[in-house]
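The data block below is upload16.txt; it holds compact mmCIF, N, CA and C atoms.
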# COMPACT_ATOMS: atom_id res chain seq x y z
N MET A 1 11.01 -18.69 -20.57
CA MET A 1 10.84 -19.41 -19.33
C MET A 1 10.47 -20.86 -19.67
N SER A 2 11.11 -21.78 -19.01
CA SER A 2 10.83 -23.19 -19.25
C SER A 2 9.56 -23.61 -18.51
N PHE A 3 9.02 -24.72 -18.95
CA PHE A 3 7.82 -25.25 -18.32
C PHE A 3 8.10 -25.59 -16.85
N ARG A 4 9.28 -26.12 -16.57
CA ARG A 4 9.66 -26.48 -15.20
C ARG A 4 9.71 -25.23 -14.31
N SER A 5 10.26 -24.13 -14.81
CA SER A 5 10.30 -22.89 -14.05
C SER A 5 8.90 -22.36 -13.80
N PHE A 6 8.06 -22.49 -14.80
CA PHE A 6 6.67 -22.05 -14.68
C PHE A 6 5.96 -22.83 -13.57
N LEU A 7 6.11 -24.15 -13.58
CA LEU A 7 5.47 -24.98 -12.55
C LEU A 7 6.03 -24.66 -11.16
N PHE A 8 7.34 -24.45 -11.08
CA PHE A 8 7.95 -24.11 -9.80
C PHE A 8 7.37 -22.79 -9.29
N GLY A 9 7.21 -21.83 -10.16
CA GLY A 9 6.64 -20.53 -9.78
C GLY A 9 5.23 -20.67 -9.26
N ILE A 10 4.42 -21.50 -9.91
CA ILE A 10 3.04 -21.72 -9.46
C ILE A 10 3.04 -22.42 -8.11
N LEU A 11 3.90 -23.40 -7.94
CA LEU A 11 3.98 -24.10 -6.65
C LEU A 11 4.42 -23.16 -5.54
N LEU A 12 5.38 -22.31 -5.81
CA LEU A 12 5.85 -21.35 -4.82
C LEU A 12 4.74 -20.37 -4.45
N PHE A 13 4.00 -19.90 -5.43
CA PHE A 13 2.89 -18.98 -5.19
C PHE A 13 1.81 -19.65 -4.34
N ALA A 14 1.46 -20.88 -4.68
CA ALA A 14 0.43 -21.61 -3.93
C ALA A 14 0.86 -21.84 -2.49
N THR A 15 2.11 -22.18 -2.27
CA THR A 15 2.62 -22.40 -0.92
C THR A 15 2.57 -21.13 -0.10
N SER A 16 2.98 -20.01 -0.68
CA SER A 16 2.95 -18.75 0.06
C SER A 16 1.52 -18.32 0.32
N ALA A 17 0.60 -18.58 -0.60
CA ALA A 17 -0.80 -18.23 -0.38
C ALA A 17 -1.39 -19.05 0.76
N LEU A 18 -1.02 -20.32 0.86
CA LEU A 18 -1.51 -21.16 1.94
C LEU A 18 -0.99 -20.68 3.29
N SER A 19 0.30 -20.33 3.37
CA SER A 19 0.84 -19.89 4.64
C SER A 19 0.26 -18.54 5.04
N ALA A 20 -0.06 -17.69 4.06
CA ALA A 20 -0.65 -16.40 4.37
C ALA A 20 -2.08 -16.57 4.87
N ALA A 21 -2.72 -17.68 4.49
CA ALA A 21 -4.10 -17.91 4.88
C ALA A 21 -4.22 -18.55 6.26
N ALA A 22 -3.10 -18.86 6.92
CA ALA A 22 -3.15 -19.48 8.23
C ALA A 22 -3.88 -18.56 9.20
N GLU A 23 -4.75 -19.15 10.00
CA GLU A 23 -5.50 -18.35 10.97
C GLU A 23 -4.68 -18.20 12.24
N THR A 24 -4.38 -16.97 12.59
CA THR A 24 -3.58 -16.65 13.76
C THR A 24 -4.47 -15.92 14.76
N GLN A 25 -4.40 -16.34 16.02
CA GLN A 25 -5.16 -15.70 17.09
C GLN A 25 -4.29 -15.59 18.33
N LEU A 26 -4.56 -14.58 19.12
CA LEU A 26 -4.00 -14.51 20.46
C LEU A 26 -5.14 -14.83 21.41
N VAL A 27 -5.03 -15.94 22.10
CA VAL A 27 -6.07 -16.37 23.03
C VAL A 27 -5.69 -15.88 24.42
N MET A 28 -6.62 -15.17 25.04
CA MET A 28 -6.42 -14.71 26.41
C MET A 28 -7.29 -15.56 27.32
N VAL A 29 -6.65 -16.26 28.24
CA VAL A 29 -7.37 -17.08 29.22
C VAL A 29 -7.44 -16.25 30.49
N GLU A 30 -8.66 -16.04 30.97
CA GLU A 30 -8.88 -15.13 32.09
C GLU A 30 -9.86 -15.73 33.08
N GLU A 31 -10.11 -15.01 34.17
CA GLU A 31 -11.13 -15.41 35.12
C GLU A 31 -11.64 -14.18 35.85
N GLN A 32 -12.86 -14.28 36.32
CA GLN A 32 -13.48 -13.21 37.09
C GLN A 32 -12.64 -12.93 38.34
N GLY A 33 -12.40 -11.67 38.63
CA GLY A 33 -11.66 -11.29 39.82
C GLY A 33 -10.15 -11.27 39.66
N CYS A 34 -9.65 -11.59 38.48
CA CYS A 34 -8.21 -11.58 38.23
C CYS A 34 -7.74 -10.13 38.08
N ILE A 35 -6.92 -9.67 39.04
CA ILE A 35 -6.51 -8.26 38.99
C ILE A 35 -5.57 -7.98 37.82
N TRP A 36 -4.78 -8.98 37.41
CA TRP A 36 -3.86 -8.77 36.29
C TRP A 36 -4.62 -8.77 34.97
N CYS A 37 -5.72 -9.52 34.90
CA CYS A 37 -6.59 -9.47 33.71
C CYS A 37 -7.22 -8.08 33.61
N ALA A 38 -7.67 -7.57 34.74
CA ALA A 38 -8.27 -6.23 34.77
C ALA A 38 -7.25 -5.16 34.40
N ARG A 39 -6.04 -5.32 34.87
CA ARG A 39 -4.99 -4.35 34.52
C ARG A 39 -4.70 -4.40 33.02
N TRP A 40 -4.65 -5.62 32.42
CA TRP A 40 -4.46 -5.75 30.97
C TRP A 40 -5.61 -5.05 30.24
N ASP A 41 -6.83 -5.26 30.74
CA ASP A 41 -7.99 -4.61 30.12
C ASP A 41 -7.83 -3.09 30.15
N ASP A 42 -7.41 -2.55 31.28
CA ASP A 42 -7.25 -1.10 31.43
C ASP A 42 -6.14 -0.54 30.53
N GLU A 43 -5.03 -1.27 30.44
CA GLU A 43 -3.86 -0.74 29.75
C GLU A 43 -3.77 -1.11 28.27
N ILE A 44 -4.28 -2.25 27.88
CA ILE A 44 -4.01 -2.78 26.55
C ILE A 44 -5.25 -3.02 25.70
N SER A 45 -6.33 -3.52 26.30
CA SER A 45 -7.46 -4.03 25.50
C SER A 45 -8.04 -3.03 24.52
N HIS A 46 -8.09 -1.76 24.88
CA HIS A 46 -8.69 -0.76 23.99
C HIS A 46 -7.82 -0.47 22.76
N ILE A 47 -6.52 -0.63 22.87
CA ILE A 47 -5.61 -0.33 21.76
C ILE A 47 -5.25 -1.58 20.95
N TYR A 48 -5.31 -2.76 21.58
CA TYR A 48 -4.83 -3.99 20.94
C TYR A 48 -5.37 -4.20 19.52
N PRO A 49 -6.69 -4.12 19.29
CA PRO A 49 -7.18 -4.41 17.92
C PRO A 49 -6.73 -3.38 16.88
N LYS A 50 -6.23 -2.24 17.31
CA LYS A 50 -5.80 -1.18 16.39
C LYS A 50 -4.34 -1.32 15.99
N THR A 51 -3.60 -2.19 16.67
CA THR A 51 -2.17 -2.34 16.41
C THR A 51 -1.92 -3.36 15.30
N ASP A 52 -0.71 -3.32 14.73
CA ASP A 52 -0.35 -4.32 13.72
C ASP A 52 -0.39 -5.73 14.30
N ALA A 53 0.07 -5.87 15.54
CA ALA A 53 0.04 -7.19 16.19
C ALA A 53 -1.40 -7.65 16.38
N GLY A 54 -2.27 -6.74 16.79
CA GLY A 54 -3.67 -7.08 17.01
C GLY A 54 -4.40 -7.44 15.72
N LYS A 55 -3.98 -6.83 14.63
CA LYS A 55 -4.58 -7.17 13.33
C LYS A 55 -4.06 -8.51 12.83
N ALA A 56 -2.80 -8.81 13.10
CA ALA A 56 -2.20 -10.07 12.67
C ALA A 56 -2.69 -11.25 13.52
N ALA A 57 -2.95 -10.99 14.80
CA ALA A 57 -3.40 -12.03 15.73
C ALA A 57 -4.56 -11.49 16.56
N PRO A 58 -5.76 -11.50 15.98
CA PRO A 58 -6.92 -10.98 16.72
C PRO A 58 -7.11 -11.70 18.06
N LEU A 59 -7.62 -10.96 19.02
CA LEU A 59 -7.79 -11.50 20.37
C LEU A 59 -9.05 -12.35 20.47
N ARG A 60 -8.90 -13.46 21.17
CA ARG A 60 -10.02 -14.35 21.49
C ARG A 60 -9.89 -14.66 22.98
N ARG A 61 -10.96 -14.53 23.72
CA ARG A 61 -10.92 -14.70 25.16
C ARG A 61 -11.80 -15.86 25.60
N PHE A 62 -11.38 -16.53 26.68
CA PHE A 62 -12.29 -17.45 27.35
C PHE A 62 -11.88 -17.63 28.80
N ASP A 63 -12.85 -18.02 29.60
CA ASP A 63 -12.66 -18.18 31.04
C ASP A 63 -11.97 -19.51 31.33
N ILE A 64 -10.99 -19.47 32.21
CA ILE A 64 -10.21 -20.66 32.55
C ILE A 64 -11.07 -21.75 33.20
N HIS A 65 -12.20 -21.37 33.78
CA HIS A 65 -13.06 -22.33 34.46
C HIS A 65 -14.08 -22.99 33.54
N THR A 66 -14.04 -22.65 32.27
CA THR A 66 -14.91 -23.31 31.29
C THR A 66 -14.05 -24.25 30.45
N ALA A 67 -14.72 -25.12 29.73
CA ALA A 67 -13.98 -26.04 28.86
C ALA A 67 -13.30 -25.25 27.75
N ALA A 68 -12.11 -25.66 27.41
CA ALA A 68 -11.39 -25.01 26.30
C ALA A 68 -12.17 -25.25 25.02
N PRO A 69 -12.20 -24.26 24.14
CA PRO A 69 -12.89 -24.44 22.86
C PRO A 69 -12.34 -25.65 22.10
N ASP A 70 -13.23 -26.39 21.48
CA ASP A 70 -12.86 -27.61 20.77
C ASP A 70 -11.89 -27.38 19.62
N ASP A 71 -11.89 -26.18 19.06
CA ASP A 71 -11.04 -25.92 17.89
C ASP A 71 -9.62 -25.50 18.27
N LEU A 72 -9.30 -25.48 19.56
CA LEU A 72 -7.97 -25.08 20.01
C LEU A 72 -7.27 -26.24 20.69
N LYS A 73 -6.00 -26.44 20.35
CA LYS A 73 -5.19 -27.50 20.94
C LYS A 73 -4.03 -26.87 21.70
N PHE A 74 -4.07 -26.99 23.03
CA PHE A 74 -3.04 -26.42 23.88
C PHE A 74 -1.97 -27.46 24.17
N GLU A 75 -0.71 -27.02 24.25
CA GLU A 75 0.41 -27.91 24.54
C GLU A 75 0.41 -28.39 25.99
N HIS A 76 -0.01 -27.51 26.90
CA HIS A 76 0.01 -27.82 28.32
C HIS A 76 -1.28 -27.32 28.95
N LYS A 77 -1.56 -27.82 30.14
CA LYS A 77 -2.73 -27.39 30.89
C LYS A 77 -2.65 -25.89 31.17
N LEU A 78 -3.78 -25.24 31.11
CA LEU A 78 -3.86 -23.82 31.44
C LEU A 78 -4.07 -23.68 32.94
N VAL A 79 -3.16 -22.95 33.61
CA VAL A 79 -3.18 -22.87 35.06
C VAL A 79 -3.35 -21.44 35.56
N PHE A 80 -2.67 -20.49 34.94
CA PHE A 80 -2.60 -19.12 35.44
C PHE A 80 -3.46 -18.18 34.60
N THR A 81 -3.91 -17.09 35.24
CA THR A 81 -4.59 -16.03 34.51
C THR A 81 -3.90 -14.71 34.81
N PRO A 82 -3.77 -13.88 33.82
CA PRO A 82 -4.07 -14.21 32.43
C PRO A 82 -2.95 -15.05 31.82
N THR A 83 -3.32 -15.84 30.86
CA THR A 83 -2.35 -16.53 30.01
C THR A 83 -2.69 -16.14 28.59
N PHE A 84 -1.69 -15.74 27.84
CA PHE A 84 -1.85 -15.36 26.44
C PHE A 84 -1.20 -16.45 25.59
N VAL A 85 -2.00 -17.06 24.71
CA VAL A 85 -1.51 -18.17 23.91
C VAL A 85 -1.62 -17.80 22.44
N LEU A 86 -0.49 -17.82 21.75
CA LEU A 86 -0.48 -17.56 20.32
C LEU A 86 -0.84 -18.87 19.61
N MET A 87 -1.91 -18.82 18.83
CA MET A 87 -2.42 -19.99 18.14
C MET A 87 -2.34 -19.77 16.64
N VAL A 88 -1.87 -20.77 15.91
CA VAL A 88 -1.86 -20.74 14.45
C VAL A 88 -2.62 -21.98 13.99
N ASP A 89 -3.68 -21.75 13.28
CA ASP A 89 -4.55 -22.84 12.81
C ASP A 89 -4.98 -23.76 13.96
N GLY A 90 -5.28 -23.15 15.11
CA GLY A 90 -5.80 -23.89 16.24
C GLY A 90 -4.76 -24.62 17.07
N GLN A 91 -3.48 -24.46 16.73
CA GLN A 91 -2.40 -25.13 17.46
C GLN A 91 -1.58 -24.10 18.24
N GLU A 92 -1.26 -24.42 19.47
CA GLU A 92 -0.44 -23.52 20.28
C GLU A 92 0.96 -23.40 19.69
N VAL A 93 1.40 -22.15 19.55
CA VAL A 93 2.74 -21.88 19.05
C VAL A 93 3.63 -21.39 20.20
N SER A 94 3.08 -20.52 21.04
CA SER A 94 3.82 -20.04 22.21
C SER A 94 2.82 -19.47 23.21
N ARG A 95 3.32 -19.22 24.42
CA ARG A 95 2.43 -18.65 25.42
C ARG A 95 3.19 -17.73 26.37
N LEU A 96 2.44 -16.82 26.94
CA LEU A 96 2.93 -15.91 27.97
C LEU A 96 2.00 -16.08 29.16
N GLU A 97 2.55 -16.56 30.27
CA GLU A 97 1.75 -16.74 31.47
C GLU A 97 1.94 -15.53 32.36
N GLY A 98 0.83 -14.87 32.67
CA GLY A 98 0.86 -13.66 33.46
C GLY A 98 0.91 -12.43 32.58
N TYR A 99 0.73 -11.29 33.19
CA TYR A 99 0.80 -10.01 32.49
C TYR A 99 1.96 -9.23 33.07
N PRO A 100 3.03 -9.00 32.29
CA PRO A 100 4.23 -8.34 32.81
C PRO A 100 4.15 -6.82 32.84
N GLY A 101 3.01 -6.27 32.50
CA GLY A 101 2.87 -4.81 32.42
C GLY A 101 3.00 -4.34 30.99
N GLU A 102 2.46 -3.16 30.76
CA GLU A 102 2.41 -2.61 29.41
C GLU A 102 3.78 -2.47 28.75
N ASP A 103 4.77 -2.08 29.51
CA ASP A 103 6.10 -1.86 28.93
C ASP A 103 6.73 -3.13 28.36
N PHE A 104 6.45 -4.27 28.97
CA PHE A 104 7.04 -5.52 28.51
C PHE A 104 6.11 -6.33 27.60
N PHE A 105 4.80 -6.17 27.76
CA PHE A 105 3.85 -6.98 26.99
C PHE A 105 4.08 -6.88 25.49
N TRP A 106 4.22 -5.66 24.98
CA TRP A 106 4.34 -5.48 23.52
C TRP A 106 5.60 -6.14 22.97
N GLY A 107 6.71 -6.00 23.66
CA GLY A 107 7.96 -6.62 23.19
C GLY A 107 7.90 -8.13 23.20
N ILE A 108 7.30 -8.69 24.25
CA ILE A 108 7.17 -10.15 24.33
C ILE A 108 6.23 -10.65 23.23
N LEU A 109 5.11 -9.95 23.03
CA LEU A 109 4.17 -10.36 21.99
C LEU A 109 4.82 -10.29 20.61
N GLU A 110 5.56 -9.23 20.33
CA GLU A 110 6.23 -9.11 19.03
C GLU A 110 7.25 -10.23 18.83
N LYS A 111 7.94 -10.62 19.90
CA LYS A 111 8.88 -11.74 19.80
C LYS A 111 8.15 -13.04 19.53
N MET A 112 7.03 -13.26 20.20
CA MET A 112 6.23 -14.46 19.97
C MET A 112 5.79 -14.53 18.49
N LEU A 113 5.34 -13.41 17.97
CA LEU A 113 4.89 -13.35 16.57
C LEU A 113 6.07 -13.56 15.61
N ALA A 114 7.21 -12.94 15.91
CA ALA A 114 8.39 -13.10 15.05
C ALA A 114 8.87 -14.54 15.07
N ASP A 115 8.91 -15.16 16.25
CA ASP A 115 9.35 -16.56 16.34
C ASP A 115 8.42 -17.49 15.55
N ALA A 116 7.14 -17.12 15.46
CA ALA A 116 6.18 -17.92 14.70
C ALA A 116 6.14 -17.53 13.23
N ARG A 117 7.01 -16.60 12.86
CA ARG A 117 7.09 -16.09 11.49
C ARG A 117 5.76 -15.48 11.01
N ILE A 118 5.12 -14.74 11.93
CA ILE A 118 3.88 -14.03 11.61
C ILE A 118 4.26 -12.60 11.27
N ASP A 119 3.95 -12.20 10.06
CA ASP A 119 4.28 -10.85 9.58
C ASP A 119 3.28 -9.85 10.17
N ILE A 120 3.80 -8.84 10.86
CA ILE A 120 2.92 -7.82 11.44
C ILE A 120 3.13 -6.46 10.79
N THR A 121 3.75 -6.44 9.63
CA THR A 121 4.03 -5.16 9.00
C THR A 121 2.83 -4.59 8.26
N GLY A 122 1.71 -5.24 8.36
CA GLY A 122 0.47 -4.71 7.77
C GLY A 122 0.31 -5.16 6.42

Show me the file's structure as structure tokens.
Amino acid sequence: MSFRSFLFGILLFATSALSAAAETQLVMVEEQGCIWCARWDDEISHIYPKTDAGKAAPLRRFDIHTAAPDDLKFEHKLVFTPTFVLMVDGQEVSRLEGYPGEDFFWGILEKMLADARIDITG
């Protein structure tokens, strides 16, 4: 193996290690009295952290009527609840406004993760 190949291999390894270390979160923006937030809680919240998607993008919640956390940068104003925002290193990657029901939520979330190149295979 040449020295150049060796250096390229180290650079490739370092780059993949950095991308693997990216912090991914699914932010749920909610509010008191939101019936769709409550429905998501009933149908999804108990299973979410146990799924591959939930492990790849742990859930973080905050109320829409409070200031957005300083470490998160949203592309657009948050208007609807629930809104699910996929964040990578504190930057919005994609969002789902509203809760489409259990049958559609998982497919949409998996597409959001795939589009962001987030590996959920465990």

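Comparing A:Ala22, A:Ile120, A:Leu59, A:Val27 by their smallest distance to Asp89 of chain A, the closest is A:Ala22 (using only N, CA and C atoms).
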
Which residues are close to Trp36 of chain A, i.e. within 8 Å by all atoms listed in the file, leaving aside same-chain residues fewer than 4 positions away? Reply as a ChimeraX atom specification.
/A:40-42,81-82,98-100

Just list as a PyMOL selection string whatever in segment 1-121 of chain A DSSP marks as helix (DSSP H, G or I).
chain A and resi 3-20+35-45+48-50+52-56+102-115

Taking the DSSP assignment computed from this structure's backbone, write out as a PyMOL selection string all residues of segment 64-102 of chain A that belong to strand (DSSP E).
chain A and resi 83-88+91-97

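Comparing A:Glu31, A:Ile44, A:Met112, A:Gly107 by their smallest distance to Arg95 of chain A, the closest is A:Met112 (using all atoms listed in the file).
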
Coordinates of box centre and edge lengths for segment 22-29 of chain A, 6 Å on every side, axis-aligned, as AutoDock Vina command-line options:
--center_x -5.3 --center_y -17.0 --center_z 18.7 --size_x 16.3 --size_y 17.0 --size_z 35.6

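Comparing the minimum interatomic distances between Pro49 of chain A and each of A:Lys73, A:Gly101, A:Leu26, A:Lys111, counting only C-alpha atoms, we find that A:Leu26 sits nearest.
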
Skipping near chain neighbours, those fewer than 2 positions away, what residues fall within 8 Å of Ala53 of chain A using all atoms listed in the file, listed as a PyMOL selection string?
chain A and resi 48-51+55-59+109-110+113+119-122

With N, CA and C atoms retained, write the just-selected residues as an mmCIF file, keeping the file's coordinate frame.
data_model
loop_
_atom_site.group_PDB
_atom_site.id
_atom_site.type_symbol
_atom_site.label_atom_id
_atom_site.label_comp_id
_atom_site.auth_asym_id
_atom_site.auth_seq_id
_atom_site.Cartn_x
_atom_site.Cartn_y
_atom_site.Cartn_z
ATOM 1 N N TYR A 48 -5.310 -2.760 21.580
ATOM 2 C CA TYR A 48 -4.830 -3.990 20.940
ATOM 3 C C TYR A 48 -5.370 -4.200 19.520
ATOM 4 N N PRO A 49 -6.690 -4.120 19.290
ATOM 5 C CA PRO A 49 -7.180 -4.410 17.920
ATOM 6 C C PRO A 49 -6.730 -3.380 16.880
ATOM 7 N N LYS A 50 -6.230 -2.240 17.310
ATOM 8 C CA LYS A 50 -5.800 -1.180 16.390
ATOM 9 C C LYS A 50 -4.340 -1.320 15.990
ATOM 10 N N THR A 51 -3.600 -2.190 16.670
ATOM 11 C CA THR A 51 -2.170 -2.340 16.410
ATOM 12 C C THR A 51 -1.920 -3.360 15.300
ATOM 13 N N LYS A 55 -3.980 -6.830 14.630
ATOM 14 C CA LYS A 55 -4.580 -7.170 13.330
ATOM 15 C C LYS A 55 -4.060 -8.510 12.830
ATOM 16 N N ALA A 56 -2.800 -8.810 13.100
ATOM 17 C CA ALA A 56 -2.200 -10.070 12.670
ATOM 18 C C ALA A 56 -2.690 -11.250 13.520
ATOM 19 N N ALA A 57 -2.950 -10.990 14.800
ATOM 20 C CA ALA A 57 -3.400 -12.030 15.730
ATOM 21 C C ALA A 57 -4.560 -11.490 16.560
ATOM 22 N N PRO A 58 -5.760 -11.500 15.980
ATOM 23 C CA PRO A 58 -6.920 -10.980 16.720
ATOM 24 C C PRO A 58 -7.110 -11.700 18.060
ATOM 25 N N LEU A 59 -7.620 -10.960 19.020
ATOM 26 C CA LEU A 59 -7.790 -11.500 20.370
ATOM 27 C C LEU A 59 -9.050 -12.350 20.470
ATOM 28 N N LEU A 109 5.110 -9.950 23.030
ATOM 29 C CA LEU A 109 4.170 -10.360 21.990
ATOM 30 C C LEU A 109 4.820 -10.290 20.610
ATOM 31 N N GLU A 110 5.560 -9.230 20.330
ATOM 32 C CA GLU A 110 6.230 -9.110 19.030
ATOM 33 C C GLU A 110 7.250 -10.230 18.830
ATOM 34 N N LEU A 113 5.340 -13.410 17.970
ATOM 35 C CA LEU A 113 4.890 -13.350 16.570
ATOM 36 C C LEU A 113 6.070 -13.560 15.610
ATOM 37 N N ASP A 119 3.950 -12.200 10.060
ATOM 38 C CA ASP A 119 4.280 -10.850 9.580
ATOM 39 C C ASP A 119 3.280 -9.850 10.170
ATOM 40 N N ILE A 120 3.800 -8.840 10.860
ATOM 41 C CA ILE A 120 2.920 -7.820 11.440
ATOM 42 C C ILE A 120 3.130 -6.460 10.790
ATOM 43 N N THR A 121 3.750 -6.440 9.630
ATOM 44 C CA THR A 121 4.030 -5.160 9.000
ATOM 45 C C THR A 121 2.830 -4.590 8.260
ATOM 46 N N GLY A 122 1.710 -5.240 8.360
ATOM 47 C CA GLY A 122 0.470 -4.710 7.770
ATOM 48 C C GLY A 122 0.310 -5.160 6.420
#

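Between atom CA of Phe104 of chain A and atom CA of Lys77 of chain A lies a distance of 24.1 Å.
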
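Interatomic distance, atom N of Gln91 of chain A to atom N of Ile108 of chain A: 20.5 Å.
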
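Each of A:Phe74, A:Arg117, A:Glu97, A:Met28 was compared to Arg60 of chain A using only N, CA and C atoms, and A:Met28 turns out to be the nearest.
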